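Text of protein.pdb (PDB, C-alpha atoms) as supplied:
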MODEL        1
ATOM      1  CA  MET A   1      52.639  13.320   2.047
ATOM      2  CA  LYS A   2      51.485  10.173   0.250
ATOM      3  CA  LYS A   3      48.147  11.851  -0.575
ATOM      4  CA  MET A   4      49.965  14.837  -2.099
ATOM      5  CA  ARG A   5      52.069  12.531  -4.252
ATOM      6  CA  TRP A   6      48.964  10.787  -5.615
ATOM      7  CA  MET A   7      47.329  14.138  -6.369
ATOM      8  CA  THR A   8      50.426  15.189  -8.313
ATOM      9  CA  ILE A   9      50.351  11.969 -10.324
ATOM     10  CA  VAL A  10      46.625  12.366 -11.071
ATOM     11  CA  VAL A  11      47.058  15.994 -12.155
ATOM     12  CA  ALA A  12      50.001  15.058 -14.396
ATOM     13  CA  LEU A  13      47.978  12.239 -15.961
ATOM     14  CA  VAL A  14      44.990  14.494 -16.620
ATOM     15  CA  LEU A  15      47.200  17.157 -18.192
ATOM     16  CA  THR A  16      48.905  14.556 -20.375
ATOM     17  CA  LEU A  17      45.551  13.246 -21.594
ATOM     18  CA  LEU A  18      44.282  16.753 -22.305
ATOM     19  CA  MET A  19      47.410  17.647 -24.266
ATOM     20  CA  ALA A  20      47.098  14.442 -26.307
ATOM     21  CA  ALA A  21      43.454  15.200 -27.074
ATOM     22  CA  VAL A  22      44.244  18.751 -28.170
ATOM     23  CA  ALA A  23      47.184  17.621 -30.294
ATOM     24  CA  SER A  24      45.022  15.090 -32.141
ATOM     25  CA  ALA A  25      42.025  17.394 -32.519
ATOM     26  CA  LEU A  26      40.958  18.442 -35.976
ATOM     27  CA  THR A  27      39.667  21.929 -36.654
ATOM     28  CA  TYR A  28      37.231  22.878 -39.391
ATOM     29  CA  GLN A  29      36.236  26.312 -40.643
ATOM     30  CA  VAL A  30      32.487  26.515 -41.175
ATOM     31  CA  GLN A  31      31.516  27.307 -44.767
ATOM     32  CA  TRP A  32      28.360  29.019 -45.948
ATOM     33  CA  GLY A  33      25.540  26.482 -46.053
ATOM     34  CA  ASP A  34      27.115  24.140 -43.491
ATOM     35  CA  THR A  35      25.069  22.779 -40.614
ATOM     36  CA  LEU A  36      26.374  20.931 -37.584
ATOM     37  CA  SER A  37      24.551  17.910 -38.947
ATOM     38  CA  SER A  38      26.340  18.041 -42.306
ATOM     39  CA  ILE A  39      29.696  18.653 -40.611
ATOM     40  CA  ALA A  40      29.120  15.743 -38.206
ATOM     41  CA  ALA A  41      28.216  13.438 -41.089
ATOM     42  CA  ARG A  42      31.276  14.545 -43.066
ATOM     43  CA  PHE A  43      33.653  13.761 -40.197
ATOM     44  CA  GLY A  44      31.919  10.697 -38.741
ATOM     45  CA  SER A  45      30.889  12.513 -35.578
ATOM     46  CA  THR A  46      27.582  13.615 -34.056
ATOM     47  CA  VAL A  47      25.959  17.016 -33.655
ATOM     48  CA  GLN A  48      25.975  16.518 -29.880
ATOM     49  CA  GLN A  49      29.718  15.732 -29.754
ATOM     50  CA  ILE A  50      30.675  18.759 -31.861
ATOM     51  CA  ALA A  51      28.313  21.043 -29.918
ATOM     52  CA  GLU A  52      29.727  19.870 -26.568
ATOM     53  CA  VAL A  53      33.381  20.201 -27.559
ATOM     54  CA  ASN A  54      32.778  23.698 -28.953
ATOM     55  CA  GLN A  55      30.399  24.790 -26.159
ATOM     56  CA  ILE A  56      27.598  25.518 -28.636
ATOM     57  CA  SER A  57      24.325  25.841 -26.746
ATOM     58  CA  ASN A  58      22.165  26.169 -29.884
ATOM     59  CA  PRO A  59      23.356  23.832 -32.668
ATOM     60  CA  SER A  60      21.277  25.814 -35.175
ATOM     61  CA  LEU A  61      23.460  28.882 -34.658
ATOM     62  CA  ILE A  62      26.799  28.446 -36.364
ATOM     63  CA  TYR A  63      28.265  30.907 -38.850
ATOM     64  CA  ALA A  64      30.544  30.907 -41.870
ATOM     65  CA  GLY A  65      34.140  31.423 -40.796
ATOM     66  CA  GLN A  66      33.616  29.919 -37.342
ATOM     67  CA  GLN A  67      36.393  27.517 -36.304
ATOM     68  CA  LEU A  68      35.113  24.249 -34.871
ATOM     69  CA  VAL A  69      37.060  21.551 -33.096
ATOM     70  CA  ILE A  70      36.033  18.150 -34.422
ATOM     71  CA  PRO A  71      36.113  15.465 -31.699
ATOM     72  CA  GLU A  72      38.727  12.744 -32.024
ATOM     73  CA  SER A  73      36.106  10.187 -33.065
ATOM     74  CA  GLY A  74      35.662  12.202 -36.227
ATOM     75  CA  GLY A  75      38.473  11.539 -38.661
ATOM     76  CA  ASN A  76      39.188  12.667 -42.167
ATOM     77  CA  PRO A  77      36.254  13.985 -44.134
ATOM     78  CA  THR A  78      34.256  11.328 -45.938
ATOM     79  CA  THR A  79      33.591  13.767 -48.745
ATOM     80  CA  PRO A  80      35.470  16.900 -49.704
ATOM     81  CA  PRO A  81      33.958  20.187 -48.558
ATOM     82  CA  PRO A  82      31.578  21.616 -51.135
ATOM     83  CA  SER A  83      32.613  24.484 -53.353
ATOM     84  CA  VAL A  84      31.022  27.403 -51.573
ATOM     85  CA  PRO A  85      30.799  31.076 -52.459
ATOM     86  CA  PRO A  86      32.712  33.371 -50.076
ATOM     87  CA  SER A  87      29.524  35.009 -48.852
ATOM     88  CA  ALA A  88      25.849  34.205 -48.763
ATOM     89  CA  PRO A  89      23.796  35.000 -51.855
ATOM     90  CA  PRO A  90      21.643  38.100 -51.526
ATOM     91  CA  PRO A  91      18.100  37.609 -50.265
ATOM     92  CA  SER A  92      15.313  37.608 -52.820
ATOM     93  CA  SER A  93      14.152  40.994 -51.555
ATOM     94  CA  GLY A  94      15.760  43.705 -49.487
ATOM     95  CA  SER A  95      19.468  44.311 -49.206
ATOM     96  CA  SER A  96      22.337  41.955 -48.541
ATOM     97  CA  TYR A  97      24.988  42.077 -45.859
ATOM     98  CA  THR A  98      28.062  39.930 -45.284
ATOM     99  CA  VAL A  99      28.218  38.863 -41.665
ATOM    100  CA  GLN A 100      31.399  39.965 -39.917
ATOM    101  CA  PRO A 101      33.134  38.276 -36.976
ATOM    102  CA  GLY A 102      31.393  39.305 -33.775
ATOM    103  CA  ASP A 103      28.088  40.195 -35.479
ATOM    104  CA  THR A 104      24.855  39.023 -33.939
ATOM    105  CA  LEU A 105      21.374  39.038 -35.431
ATOM    106  CA  SER A 106      20.305  41.704 -32.962
ATOM    107  CA  ARG A 107      23.239  43.991 -33.887
ATOM    108  CA  ILE A 108      22.561  43.548 -37.593
ATOM    109  CA  ALA A 109      18.844  44.178 -37.079
ATOM    110  CA  GLN A 110      19.598  47.327 -35.110
ATOM    111  CA  ARG A 111      22.100  48.532 -37.729
ATOM    112  CA  PHE A 112      19.552  48.190 -40.530
ATOM    113  CA  GLY A 113      16.446  49.211 -38.624
ATOM    114  CA  SER A 114      14.972  45.723 -38.784
ATOM    115  CA  THR A 115      14.071  42.958 -36.359
ATOM    116  CA  VAL A 116      15.756  39.665 -35.526
ATOM    117  CA  ALA A 117      12.625  37.812 -36.658
ATOM    118  CA  ALA A 118      12.585  39.573 -40.044
ATOM    119  CA  ILE A 119      16.247  38.742 -40.685
ATOM    120  CA  ALA A 120      15.991  35.168 -39.465
TER     121      ALA A 120
ENDMDL
END

Translate the structure described by the file into structure tokens.
Amino acid sequence: MKKMRWMTIVVALVLTLLMAAVASALTYQVQWGDTLSSIAARFGSTVQQIAEVNQISNPSLIYAGQQLVIPESGGNPTTPPPSVPPSAPPPSSGSSYTVQPGDTLSRIAQRFGSTVAAIA
């Protein structure tokens, strides 16, 4: 019975800490041209912290419009976000395409009869 009581207290404490962390978390919408490195620098965080919190396995693969949770150690931005166009500028050759939520390079490549390597 005593063991069950301690487990209940531990679970309640963990839930309280998690709720406090979520309540104080800052979210940021990725803008075109952002990198995890520039976002981390802006909010006083690290690439590793942001990648871990957001379960990003490849820090080089973030996309405009993506919502990121900024770890608590990151506070207010040190500089305002840059003025960014709503979509990427067209490539110097070929056609342009505005990435949509859920798109992947392989889906875009398939849609346009291209390869992931050529698009990347």

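Reported to one decimal place, the separation of CA of Ala64 (chain A) from CA of Ala40 (chain A) is 15.7 Å.
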
Counting only C-alpha atoms, which residues sit no farther than 10 Å from the position (24.9, 36.3, -35.3) in the file's frame? I'd like them as a VMD selection string.
chain A and resid 61 to 63 99 to 108 116 120

Once the PyMOL selection byres ((chain A and resi 28-36) around 6) has been evaluated on this model, what residues remain selected, and can you format them as an mmCIF file with C-alpha atoms, keeping the file's coordinate frame?
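To be explicit, this is the file written out as result.cif:
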data_model
loop_
_atom_site.group_PDB
_atom_site.id
_atom_site.type_symbol
_atom_site.label_atom_id
_atom_site.label_comp_id
_atom_site.auth_asym_id
_atom_site.auth_seq_id
_atom_site.Cartn_x
_atom_site.Cartn_y
_atom_site.Cartn_z
ATOM 1 C CA THR A 27 39.667 21.929 -36.654
ATOM 2 C CA SER A 37 24.551 17.910 -38.947
ATOM 3 C CA SER A 38 26.340 18.041 -42.306
ATOM 4 C CA ILE A 39 29.696 18.653 -40.611
ATOM 5 C CA ALA A 40 29.120 15.743 -38.206
ATOM 6 C CA VAL A 47 25.959 17.016 -33.655
ATOM 7 C CA ALA A 64 30.544 30.907 -41.870
ATOM 8 C CA GLY A 65 34.140 31.423 -40.796
ATOM 9 C CA GLN A 66 33.616 29.919 -37.342
ATOM 10 C CA GLN A 67 36.393 27.517 -36.304
ATOM 11 C CA LEU A 68 35.113 24.249 -34.871
#

Could you tell me, as an MDAnalysis selection string, exactly which residues end up selected when the PyMOL selection byres ((chain A and resi 48-52) around 9) is applied to this structure?
chainID A and resid 36 39:40 45:47 53:59 68:71

Atom pair CA of Gly113 (chain A) / CA of Tyr97 (chain A): separation (Å):
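Between these atoms lies a distance of 13.3 Å.
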
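The space between CA of Gly44 (chain A) and CA of Ser60 (chain A) spans 18.8 Å.
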
Show me that you can extract region 41-59 of chain A, keeping N, CA and C atoms, and write it as a PDB file, in the first residue's frame.
ATOM      1  N   ALA A  41      20.174  30.182 -32.506  1.00  0.00           N
ATOM      2  CA  ALA A  41      20.894  31.414 -32.153  1.00  0.00           C
ATOM      3  C   ALA A  41      19.912  32.525 -31.780  1.00  0.00           C
ATOM      4  N   ARG A  42      18.831  32.624 -32.517  1.00  0.00           N
ATOM      5  CA  ARG A  42      17.833  33.675 -32.265  1.00  0.00           C
ATOM      6  C   ARG A  42      17.209  33.537 -30.881  1.00  0.00           C
ATOM      7  N   PHE A  43      16.988  32.292 -30.436  1.00  0.00           N
ATOM      8  CA  PHE A  43      16.296  32.072 -29.172  1.00  0.00           C
ATOM      9  C   PHE A  43      17.215  31.644 -28.034  1.00  0.00           C
ATOM     10  N   GLY A  44      18.521  31.698 -28.253  1.00  0.00           N
ATOM     11  CA  GLY A  44      19.463  31.337 -27.185  1.00  0.00           C
ATOM     12  C   GLY A  44      19.410  29.870 -26.827  1.00  0.00           C
ATOM     13  N   SER A  45      19.211  29.029 -27.823  1.00  0.00           N
ATOM     14  CA  SER A  45      19.123  27.587 -27.615  1.00  0.00           C
ATOM     15  C   SER A  45      20.224  26.920 -28.432  1.00  0.00           C
ATOM     16  N   THR A  46      20.142  25.613 -28.596  1.00  0.00           N
ATOM     17  CA  THR A  46      21.090  24.893 -29.443  1.00  0.00           C
ATOM     18  C   THR A  46      20.318  24.066 -30.460  1.00  0.00           C
ATOM     19  N   VAL A  47      20.985  23.737 -31.549  1.00  0.00           N
ATOM     20  CA  VAL A  47      20.373  22.886 -32.576  1.00  0.00           C
ATOM     21  C   VAL A  47      19.951  21.562 -31.944  1.00  0.00           C
ATOM     22  N   GLN A  48      20.832  20.995 -31.126  1.00  0.00           N
ATOM     23  CA  GLN A  48      20.542  19.695 -30.506  1.00  0.00           C
ATOM     24  C   GLN A  48      19.293  19.760 -29.628  1.00  0.00           C
ATOM     25  N   GLN A  49      19.158  20.820 -28.816  1.00  0.00           N
ATOM     26  CA  GLN A  49      17.989  20.934 -27.940  1.00  0.00           C
ATOM     27  C   GLN A  49      16.699  21.027 -28.755  1.00  0.00           C
ATOM     28  N   ILE A  50      16.704  21.867 -29.778  1.00  0.00           N
ATOM     29  CA  ILE A  50      15.489  22.039 -30.595  1.00  0.00           C
ATOM     30  C   ILE A  50      15.173  20.749 -31.334  1.00  0.00           C
ATOM     31  N   ALA A  51      16.198  20.093 -31.881  1.00  0.00           N
ATOM     32  CA  ALA A  51      15.982  18.831 -32.604  1.00  0.00           C
ATOM     33  C   ALA A  51      15.411  17.762 -31.680  1.00  0.00           C
ATOM     34  N   GLU A  52      15.933  17.662 -30.464  1.00  0.00           N
ATOM     35  CA  GLU A  52      15.437  16.656 -29.510  1.00  0.00           C
ATOM     36  C   GLU A  52      13.989  16.906 -29.127  1.00  0.00           C
ATOM     37  N   VAL A  53      13.683  18.149 -28.751  1.00  0.00           N
ATOM     38  CA  VAL A  53      12.327  18.479 -28.307  1.00  0.00           C
ATOM     39  C   VAL A  53      11.303  18.225 -29.415  1.00  0.00           C
ATOM     40  N   ASN A  54      11.706  18.473 -30.667  1.00  0.00           N
ATOM     41  CA  ASN A  54      10.785  18.334 -31.791  1.00  0.00           C
ATOM     42  C   ASN A  54      10.930  17.009 -32.527  1.00  0.00           C
ATOM     43  N   GLN A  55      11.739  16.102 -31.982  1.00  0.00           N
ATOM     44  CA  GLN A  55      11.972  14.776 -32.558  1.00  0.00           C
ATOM     45  C   GLN A  55      12.380  14.865 -34.029  1.00  0.00           C
ATOM     46  N   ILE A  56      13.346  15.743 -34.299  1.00  0.00           N
ATOM     47  CA  ILE A  56      13.872  15.927 -35.654  1.00  0.00           C
ATOM     48  C   ILE A  56      15.137  15.097 -35.766  1.00  0.00           C
ATOM     49  N   SER A  57      15.104  14.070 -36.609  1.00  0.00           N
ATOM     50  CA  SER A  57      16.261  13.185 -36.731  1.00  0.00           C
ATOM     51  C   SER A  57      17.333  13.782 -37.640  1.00  0.00           C
ATOM     52  N   ASN A  58      16.940  14.603 -38.612  1.00  0.00           N
ATOM     53  CA  ASN A  58      17.901  15.249 -39.501  1.00  0.00           C
ATOM     54  C   ASN A  58      17.715  16.758 -39.396  1.00  0.00           C
ATOM     55  N   PRO A  59      18.567  17.443 -38.642  1.00  0.00           N
ATOM     56  CA  PRO A  59      18.408  18.888 -38.438  1.00  0.00           C
ATOM     57  C   PRO A  59      18.477  19.708 -39.720  1.00  0.00           C
TER      58      PRO A  59
END
